[in-house]
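To be precise, the following lines are final.cif, and they hold mmCIF, C-alpha atoms.
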```cif
data_final
#
loop_
_atom_site.label_atom_id
_atom_site.label_comp_id
_atom_site.auth_asym_id
_atom_site.auth_seq_id
_atom_site.Cartn_x
_atom_site.Cartn_y
_atom_site.Cartn_z
CA MET D 15 0.00 0.00 0.00
CA LYS D 16 1.47 3.30 -1.01
CA LYS D 17 1.84 5.73 1.84
CA ILE D 18 0.33 9.12 1.05
CA ILE D 19 0.58 12.27 3.12
CA LEU D 20 -1.59 15.20 2.06
CA PHE D 21 -0.74 18.76 3.01
CA LEU D 22 -3.81 21.01 3.11
CA SER D 23 -2.24 24.14 1.58
CA ILE D 24 -2.80 25.06 -2.06
CA MET D 25 0.08 23.92 -4.26
CA LEU D 26 0.57 27.17 -6.14
CA LEU D 27 0.91 29.16 -2.91
CA VAL D 28 3.04 26.83 -0.79
CA LEU D 29 5.00 24.01 -2.40
CA SER D 30 5.14 22.02 0.84
CA SER D 31 1.57 20.93 0.08
CA SER D 32 3.13 18.23 -2.09
CA ILE D 33 2.12 14.62 -1.69
CA SER D 34 4.75 12.22 -0.38
CA ILE D 35 4.49 8.82 -2.05
CA THR D 36 6.49 5.62 -2.24
CA GLY D 37 6.54 5.13 -5.98
CA THR D 38 4.84 5.94 -9.26
CA LYS D 39 6.50 5.04 -12.56
CA ILE D 40 5.80 7.59 -15.28
CA GLU D 41 5.87 5.70 -18.54
CA THR D 42 8.76 6.64 -20.79
CA PRO D 43 10.13 5.30 -24.09
CA SER D 44 11.45 1.77 -23.77
CA SER D 45 14.63 2.16 -25.82
CA ILE D 46 17.80 2.49 -23.75
CA SER D 47 21.26 3.35 -25.01
CA ALA D 48 24.54 3.71 -23.17
CA ASP D 49 25.86 5.91 -26.00
CA PHE D 50 25.23 9.33 -24.49
CA THR D 51 24.74 12.27 -26.83
CA HIS D 52 25.09 14.77 -23.97
CA THR D 53 25.44 14.93 -20.19
CA VAL D 54 22.00 14.41 -18.68
CA PHE D 55 20.76 16.85 -16.04
CA ALA D 56 18.45 15.82 -13.18
CA GLU D 57 16.57 17.97 -10.67
CA TYR D 58 15.38 16.23 -7.52
CA ALA D 59 12.33 17.89 -5.92
CA THR D 60 11.99 17.12 -2.21
CA THR D 61 11.37 18.57 1.27
CA THR D 62 12.80 18.01 4.73
CA TRP D 63 9.49 16.59 6.02
CA CYS D 64 8.98 13.96 3.29
CA PRO D 65 9.08 10.42 4.79
CA ASN D 66 9.53 8.69 1.43
CA CYS D 67 12.37 10.90 0.21
CA PRO D 68 15.43 9.42 2.00
CA THR D 69 15.36 6.33 -0.24
CA ALA D 70 15.25 8.52 -3.35
CA ALA D 71 18.00 10.79 -2.01
CA GLU D 72 20.34 7.90 -1.29
CA ALA D 73 19.57 6.18 -4.60
CA ILE D 74 20.25 9.18 -6.85
CA ASN D 75 23.43 10.06 -4.97
CA GLU D 76 24.76 6.50 -5.17
CA VAL D 77 24.20 6.51 -8.94
CA TYR D 78 25.95 9.88 -9.19
CA GLU D 79 28.94 8.93 -7.07
CA SER D 80 29.45 5.68 -8.99
CA ASP D 81 30.74 7.77 -11.94
CA GLU D 82 29.31 5.14 -14.27
CA TYR D 83 26.70 7.37 -15.87
CA GLN D 84 27.02 10.65 -17.71
CA PHE D 85 24.78 12.91 -15.67
CA ASN D 86 24.68 15.72 -13.11
CA TYR D 87 22.02 16.50 -10.56
CA VAL D 88 20.87 19.09 -8.04
CA THR D 89 18.48 18.71 -5.11
CA LEU D 90 15.61 21.18 -4.71
CA VAL D 91 14.79 21.27 -0.97
CA SER D 92 11.65 23.27 -1.45
CA ASP D 93 10.26 23.81 2.04
CA VAL D 94 13.37 25.59 3.34
CA ASN D 95 14.72 27.37 0.26
CA PRO D 96 12.55 29.80 -1.74
CA ASN D 97 14.89 29.48 -4.74
CA ALA D 98 14.36 25.72 -4.84
CA GLN D 99 10.65 26.25 -4.30
CA GLU D 100 10.41 28.52 -7.33
CA ARG D 101 12.22 26.01 -9.54
CA SER D 102 9.95 23.18 -8.37
CA ARG D 103 6.93 25.35 -9.13
CA ASN D 104 8.13 25.59 -12.75
CA TYR D 105 7.17 21.91 -12.96
CA PHE D 106 3.94 22.33 -10.95
CA THR D 107 5.24 19.67 -8.58
CA ILE D 108 2.47 18.10 -6.48
CA ALA D 109 4.08 14.82 -5.38
CA ILE D 110 7.45 14.15 -3.82
CA PRO D 111 9.99 12.84 -4.22
CA THR D 112 10.06 13.60 -7.93
CA ILE D 113 13.17 13.62 -10.10
CA TYR D 114 12.96 15.48 -13.41
CA PHE D 115 15.40 14.35 -16.07
CA ASP D 116 16.63 16.76 -18.75
CA GLY D 117 14.22 19.54 -17.88
CA GLY D 118 11.32 17.18 -17.28
CA ASN D 119 11.47 15.25 -20.53
CA THR D 120 10.87 12.26 -18.26
CA LEU D 121 10.39 11.99 -14.52
CA PHE D 122 10.09 9.46 -11.73
CA VAL D 123 7.73 10.08 -8.84
CA GLY D 124 8.23 8.46 -5.44
CA ASN D 125 10.61 5.60 -4.89
CA ALA D 126 10.58 1.98 -5.98
CA GLY D 127 10.47 0.56 -2.46
CA SER D 128 14.19 0.02 -1.90
CA ILE D 129 17.43 1.79 -2.73
CA PRO D 130 18.57 -0.83 -5.32
CA ALA D 131 15.19 -0.83 -7.08
CA THR D 132 15.05 2.97 -7.09
CA LYS D 133 18.59 3.19 -8.47
CA SER D 134 17.56 0.86 -11.30
CA GLU D 135 14.67 3.15 -12.22
CA TYR D 136 16.91 6.22 -12.21
CA ILE D 137 19.58 4.52 -14.30
CA GLN D 138 16.99 3.59 -16.91
CA GLN D 139 15.81 7.18 -17.17
CA ILE D 140 19.35 8.58 -17.28
CA GLU D 141 20.19 6.25 -20.15
CA GLU D 142 16.95 7.01 -21.99
CA ASN D 143 17.59 10.73 -21.82
CA GLY D 144 21.26 10.29 -22.63
CA ALA D 145 20.29 8.70 -25.92
CA ARG D 146 18.08 11.66 -26.89
CA THR D 147 19.45 13.86 -29.68
CA PRO D 148 19.83 17.47 -28.46
CA LYS D 149 18.59 20.39 -30.53
CA SER D 150 22.22 21.31 -31.13
CA SER D 151 25.64 20.08 -30.08
CA LEU D 152 26.70 22.27 -27.16
CA VAL D 153 29.92 22.45 -25.18
CA ILE D 154 30.04 24.00 -21.69
CA GLU D 155 33.31 25.13 -20.16
CA SER D 156 33.10 26.10 -16.49
CA SER D 157 35.49 27.63 -14.00
CA ALA D 158 34.93 28.76 -10.42
CA THR D 159 37.43 30.28 -8.01
CA TRP D 160 36.97 30.72 -4.27
CA LEU D 161 37.68 34.29 -3.16
CA GLY D 162 36.94 33.85 0.53
CA ASN D 163 34.11 35.25 2.64
CA ALA D 164 31.50 33.20 0.70
CA LYS D 165 32.42 34.83 -2.62
CA ILE D 166 33.07 32.87 -5.82
CA ASP D 167 34.24 34.04 -9.24
CA ILE D 168 32.27 32.02 -11.79
CA SER D 169 32.77 31.89 -15.56
CA ILE D 170 30.65 29.77 -17.93
CA THR D 171 31.35 29.59 -21.67
CA ILE D 172 28.84 27.87 -23.96
CA THR D 173 29.72 27.01 -27.55
CA ASN D 174 27.29 25.99 -30.27
CA GLU D 175 29.04 23.34 -32.35
CA GLY D 176 25.91 22.61 -34.36
CA ASN D 177 24.78 23.90 -37.75
CA SER D 178 21.69 25.82 -36.62
CA ILE D 179 20.85 28.75 -34.36
CA TYR D 180 20.37 27.80 -30.72
CA PHE D 181 17.94 29.66 -28.47
CA GLY D 182 17.26 28.74 -24.88
CA LYS D 183 18.15 29.43 -21.28
CA VAL D 184 21.25 28.83 -19.21
CA ARG D 185 20.91 28.14 -15.50
CA THR D 186 23.91 27.84 -13.22
CA TYR D 187 23.11 26.37 -9.81
CA VAL D 188 25.31 27.01 -6.77
CA SER D 189 24.86 23.98 -4.49
CA GLU D 190 26.22 22.47 -1.31
CA ILE D 191 27.71 19.00 -1.79
CA GLU D 192 26.73 18.05 1.76
CA SER D 193 23.69 20.11 2.55
CA ARG D 194 22.82 22.12 5.64
CA TRP D 195 19.34 20.66 5.23
CA LEU D 196 18.51 17.17 6.49
CA ASP D 197 16.08 14.64 5.08
CA TYR D 198 13.33 12.93 7.09
CA ASP D 199 15.83 10.37 8.44
CA GLY D 200 18.18 13.10 9.66
CA ASN D 201 20.78 12.68 6.90
CA PRO D 202 22.12 15.65 4.91
CA TYR D 203 20.91 16.04 1.36
CA HIS D 204 23.54 16.17 -1.39
CA ASN D 205 24.07 18.71 -4.17
CA ALA D 206 21.41 20.90 -2.59
CA PHE D 207 20.64 23.99 -4.65
CA LEU D 208 21.26 27.29 -2.86
CA ALA D 209 20.77 30.00 -5.50
CA TYR D 210 21.47 30.74 -9.14
CA ALA D 211 24.68 32.27 -10.38
CA PHE D 212 23.06 32.66 -13.82
CA ASN D 213 19.48 32.34 -15.01
CA GLU D 214 19.77 33.95 -18.43
CA ILE D 215 18.46 33.81 -21.98
CA LEU D 216 20.95 32.26 -24.43
CA PHE D 217 21.20 32.92 -28.17
CA LEU D 218 23.98 31.30 -30.17
CA SER D 219 24.55 31.26 -33.91
CA PRO D 220 26.33 28.20 -35.36
CA GLY D 221 29.95 28.04 -34.28
CA SER D 222 29.64 30.93 -31.82
CA SER D 223 30.30 31.10 -28.07
CA LYS D 224 28.98 33.18 -25.19
CA THR D 225 30.64 33.68 -21.81
CA PHE D 226 28.82 34.55 -18.60
CA THR D 227 30.85 35.87 -15.67
CA THR D 228 29.95 36.94 -12.16
CA THR D 229 31.20 37.15 -8.61
CA TRP D 230 28.59 35.21 -6.68
CA ASP D 231 28.26 36.43 -3.10
CA GLY D 232 26.67 34.14 -0.53
CA THR D 233 26.40 36.92 2.02
CA VAL D 234 23.87 38.96 0.03
CA ASN D 235 20.13 38.43 -0.06
CA HIS D 236 19.15 35.59 -2.40
CA ASN D 237 15.37 35.79 -2.48
CA GLY D 238 15.09 36.16 1.30
CA ILE D 239 17.91 33.79 2.27
CA THR D 240 21.68 34.15 2.68
CA PHE D 241 24.58 31.68 2.60
CA GLY D 242 27.46 33.46 4.29
CA ASP D 243 28.58 30.27 6.02
CA ILE D 244 29.42 28.20 2.93
CA THR D 245 32.86 26.61 2.74
CA GLU D 246 35.20 26.24 -0.21
CA ASP D 247 35.37 22.45 -0.15
CA ASN D 248 31.60 21.97 -0.05
CA ILE D 249 30.40 23.81 -3.15
CA LEU D 250 29.32 22.43 -6.52
CA ILE D 251 28.67 24.65 -9.54
CA SER D 252 26.25 22.99 -11.98
CA THR D 253 25.17 24.45 -15.31
CA ALA D 254 22.43 23.25 -17.64
CA VAL D 255 21.29 24.68 -20.98
CA PHE D 256 17.59 24.33 -21.74
CA ASN D 257 16.14 24.63 -25.24
CA TRP D 258 13.31 27.13 -25.75
CA ILE D 259 10.85 24.70 -27.40
CA PRO D 260 8.12 23.63 -24.92
CA HIS D 261 6.83 20.07 -24.67
CA LEU D 262 3.68 19.29 -22.70
CA ARG D 263 4.18 16.56 -20.11
CA VAL D 264 1.86 14.82 -17.67
CA GLY D 265 3.42 13.81 -14.36
CA TYR D 266 1.79 12.49 -11.20
CA GLU D 267 -1.86 11.51 -11.60
CA SER D 268 -4.49 10.42 -9.07
CA SER D 269 -8.23 10.74 -8.64
CA GLN D 270 -7.65 14.17 -7.08
CA TYR D 271 -4.61 15.55 -8.90
CA THR D 272 -3.10 15.66 -12.36
CA GLN D 273 0.28 17.27 -12.84
CA ARG D 274 0.79 18.97 -16.19
CA TYR D 275 3.80 21.09 -17.05
CA LEU D 276 5.87 22.35 -19.96
CA SER D 277 9.22 20.63 -20.38
CA PHE D 278 12.11 22.58 -21.86
CA PHE D 279 14.69 19.94 -22.66
CA ALA D 280 18.16 20.25 -21.15
CA ASP D 281 20.55 19.77 -24.07
CA GLN D 282 23.82 19.85 -22.12
CA SER D 283 25.10 20.14 -18.55
CA ASP D 284 28.33 20.51 -16.65
CA ALA D 285 29.39 20.50 -12.99
CA ILE D 286 32.60 21.50 -11.24
CA THR D 287 33.95 22.01 -7.74
CA LEU D 288 35.93 25.09 -6.76
CA GLU D 289 39.52 25.77 -7.74
#
```
As structure tokens - that is how I would like this structure written.
Amino acid sequence: MKKIILFLSIMLLVLSSSISITGTKIETPSSISADFTHTVFAEYATTTWCPNCPTAAEAINEVYESDEYQFNYVTLVSDVNPNAQERSRNYFTIAIPTIYFDGGNTLFVGNAGSIPATKSEYIQQIEENGARTPKSSLVIESSATWLGNAKIDISITITNEGNSIYFGKVRTYVSEIESRWLDYDGNPYHNAFLAYAFNEILFLSPGSSKTFTTTWDGTVNHNGITFGDITEDNILISTAVFNWIPHLRVGYESSQYTQRYLSFFADQSDAITLE
């Protein structure tokens, strides 16, 4: 029997109204290929109060740390971080845990009942998305230098190696490798999104490049929250480029809820630690 916890708040006002469930497989294409066309990007929507999220958190991090699959991920801890909450709202998230692969091209809601079974589901989706042909061949070059006092110099260069114009959005996520926020079992989340370094429109003609630079400051106000206590060895800088073309997707469904959202495919991603 799937365990369901209903929050009584309206989803669009407070994301912590999400449903916590043990597992719902969203049907995806059956073809799987280990020949990746790009580095897959995953966004894990969760909260600190979710009882079914620790299995998902451990599963996705074990897949990531195995270094066997070409993907990056960030964790959106939505009940304690307004920046994560806003990103989860882009997907109209109503059930957690949910992991969105490549901008929500596919997703997996809940967990599969155990860490090994959940890892298997995630691996399948990573490989499915890795086999997808991006809109254009993109290369991301990232650098990030610690300046001290929670300040980081960040430079992201994106090159369009394809033969057509590329239009989309670049998002660079500053995350904590071992999070300040704990899951329901009291364990720290991993790769937990803090705030954006970049959230910008991207236009690239064939063969052209664009560089984004900034000095990200954790001590300033980031949508009502600050991160002046971050440490150099605990920061991950993840960048994903999302194509502008929308694709309608249906996520979690029940007799009471149907999740519909627009997916903007992530065509390339990159992640680095600090220099």
Checklist outcome for this item: Using only C-alpha atoms, the residue out of D:Asn257, D:Ser283, D:Thr272, D:Asn174 with shortest distance to Val54 (chain D) is D:Ser283
Next on the checklist: What would the selection look like, as a count of residues only, if the PyMOL selection byres ((chain D and resi 231) around 12) were run on the coordinates I just shared?
Outcome noted: 28
Checklist entry - Pick from D:Ser189, D:Ser102, D:Asn237, D:Asn125: nearest to Ala71 (chain D), with all atoms listed in the file counted? => result D:Asn125
Output as a tab-separated table one row per residue of region 146-202 of chain D within 12 Å of region 103-119 of chain D: the closest atom pair and its distance in Å to one decimal place, counting all atoms listed in the file, sorted by chain and residue number ascending.
```
residue	atom	partner	partner_atom	distance
D:Arg146	CA	D:Asp116	CA	9.7
D:Thr147	CA	D:Asp116	CA	11.7
D:Pro148	CA	D:Asp116	CA	10.2
D:Gly182	CA	D:Gly117	CA	12.0
D:Lys183	CA	D:Gly117	CA	11.2
D:Val184	CA	D:Gly117	CA	11.7
D:Arg185	CA	D:Gly117	CA	11.2
D:Asp197	CA	D:Pro111	CA	11.3
D:Tyr198	CA	D:Pro111	CA	11.8
```
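The space between CA of Thr287 (chain D) and CA of Asn205 (chain D) spans 11.0 Å.
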Next on the checklist: For Trp258 (chain D), find every residue with an atom within 10 Å (counting all atoms listed in the file), except residues of its own chain fewer than 2 positions away, and show them as a PyMOL selection string.
Outcome noted: chain D and resi 149+180-183+215-216+255-256+260-261+277-280
Checklist entry - Care to translate the PyMOL selection byres ((chain D and resi 155) around 8) into actual residues of this file, as a ChimeraX atom specification? => result /D:153-154,156-157,170-172,284
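The nearest approach to Tyr83 (chain D) among the residues D:Phe207, D:Phe55, D:Tyr266, D:Tyr275, with all atoms listed in the file taken into account, belongs to D:Phe55.
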Starting from the incomplete input, reconstruct N, CA and C atoms of region 225-256 of chain D and write that as a short mmCIF file (atom, residue, chain, number, x, y, z; two decimals), in the coordinates of the input.
```cif
data_model
loop_
_atom_site.label_atom_id
_atom_site.label_comp_id
_atom_site.auth_asym_id
_atom_site.auth_seq_id
_atom_site.Cartn_x
_atom_site.Cartn_y
_atom_site.Cartn_z
N THR D 225 30.09 33.85 -23.15
CA THR D 225 30.64 33.68 -21.81
C THR D 225 29.86 34.51 -20.81
N PHE D 226 29.48 33.88 -19.71
CA PHE D 226 28.82 34.55 -18.60
C PHE D 226 29.81 34.59 -17.43
N THR D 227 29.96 35.75 -16.82
CA THR D 227 30.85 35.87 -15.67
C THR D 227 30.15 36.62 -14.55
N THR D 228 30.50 36.25 -13.32
CA THR D 228 29.95 36.94 -12.16
C THR D 228 30.80 36.63 -10.94
N THR D 229 30.70 37.48 -9.94
CA THR D 229 31.20 37.15 -8.61
C THR D 229 29.98 36.89 -7.73
N TRP D 230 29.75 35.62 -7.48
CA TRP D 230 28.59 35.21 -6.68
C TRP D 230 28.92 35.41 -5.20
N ASP D 231 28.02 36.07 -4.50
CA ASP D 231 28.26 36.43 -3.10
C ASP D 231 27.19 35.79 -2.21
N GLY D 232 27.62 34.82 -1.40
CA GLY D 232 26.67 34.14 -0.53
C GLY D 232 26.15 34.99 0.60
N THR D 233 26.82 36.10 0.88
CA THR D 233 26.40 36.92 2.02
C THR D 233 25.24 37.86 1.69
N VAL D 234 24.95 38.05 0.40
CA VAL D 234 23.87 38.96 0.03
C VAL D 234 22.53 38.22 0.03
N ASN D 235 21.48 38.99 -0.08
CA ASN D 235 20.13 38.43 -0.06
C ASN D 235 19.84 37.69 -1.36
N HIS D 236 19.54 36.40 -1.25
CA HIS D 236 19.15 35.59 -2.40
C HIS D 236 17.69 35.17 -2.22
N ASN D 237 16.81 36.08 -2.57
CA ASN D 237 15.37 35.79 -2.48
C ASN D 237 14.96 35.50 -1.03
N GLY D 238 15.49 36.29 -0.10
CA GLY D 238 15.09 36.16 1.30
C GLY D 238 15.95 35.22 2.12
N ILE D 239 17.06 34.73 1.56
CA ILE D 239 17.91 33.79 2.27
C ILE D 239 19.37 34.10 1.94
N THR D 240 20.27 33.90 2.90
CA THR D 240 21.68 34.15 2.68
C THR D 240 22.49 32.89 2.99
N PHE D 241 23.73 32.86 2.46
CA PHE D 241 24.58 31.68 2.60
C PHE D 241 26.02 32.10 2.93
N GLY D 242 26.16 32.96 3.92
CA GLY D 242 27.46 33.46 4.29
C GLY D 242 28.36 32.45 4.96
N ASP D 243 27.81 31.28 5.32
CA ASP D 243 28.58 30.27 6.02
C ASP D 243 29.07 29.14 5.13
N ILE D 244 28.95 29.27 3.81
CA ILE D 244 29.42 28.20 2.93
C ILE D 244 30.93 28.06 3.03
N THR D 245 31.42 26.87 2.70
CA THR D 245 32.86 26.61 2.74
C THR D 245 33.36 26.18 1.36
N GLU D 246 34.61 26.45 1.11
CA GLU D 246 35.20 26.24 -0.21
C GLU D 246 35.10 24.80 -0.68
N ASP D 247 35.31 23.86 0.23
CA ASP D 247 35.37 22.45 -0.15
C ASP D 247 34.00 21.78 -0.25
N ASN D 248 32.93 22.56 -0.09
CA ASN D 248 31.60 21.97 -0.05
C ASN D 248 30.66 22.57 -1.09
N ILE D 249 31.23 23.15 -2.14
CA ILE D 249 30.40 23.81 -3.15
C ILE D 249 30.53 23.14 -4.51
N LEU D 250 29.39 22.95 -5.16
CA LEU D 250 29.32 22.43 -6.52
C LEU D 250 28.65 23.46 -7.40
N ILE D 251 29.25 23.72 -8.56
CA ILE D 251 28.67 24.65 -9.54
C ILE D 251 28.18 23.84 -10.73
N SER D 252 26.86 23.79 -10.91
CA SER D 252 26.25 22.99 -11.98
C SER D 252 25.57 23.91 -12.98
N THR D 253 25.78 23.65 -14.25
CA THR D 253 25.17 24.45 -15.31
C THR D 253 24.42 23.54 -16.26
N ALA D 254 23.21 23.97 -16.64
CA ALA D 254 22.43 23.25 -17.64
C ALA D 254 21.88 24.25 -18.65
N VAL D 255 21.84 23.85 -19.91
CA VAL D 255 21.29 24.68 -20.98
C VAL D 255 20.00 24.04 -21.46
N PHE D 256 18.92 24.82 -21.41
CA PHE D 256 17.59 24.33 -21.74
C PHE D 256 17.11 24.96 -23.05
#
```
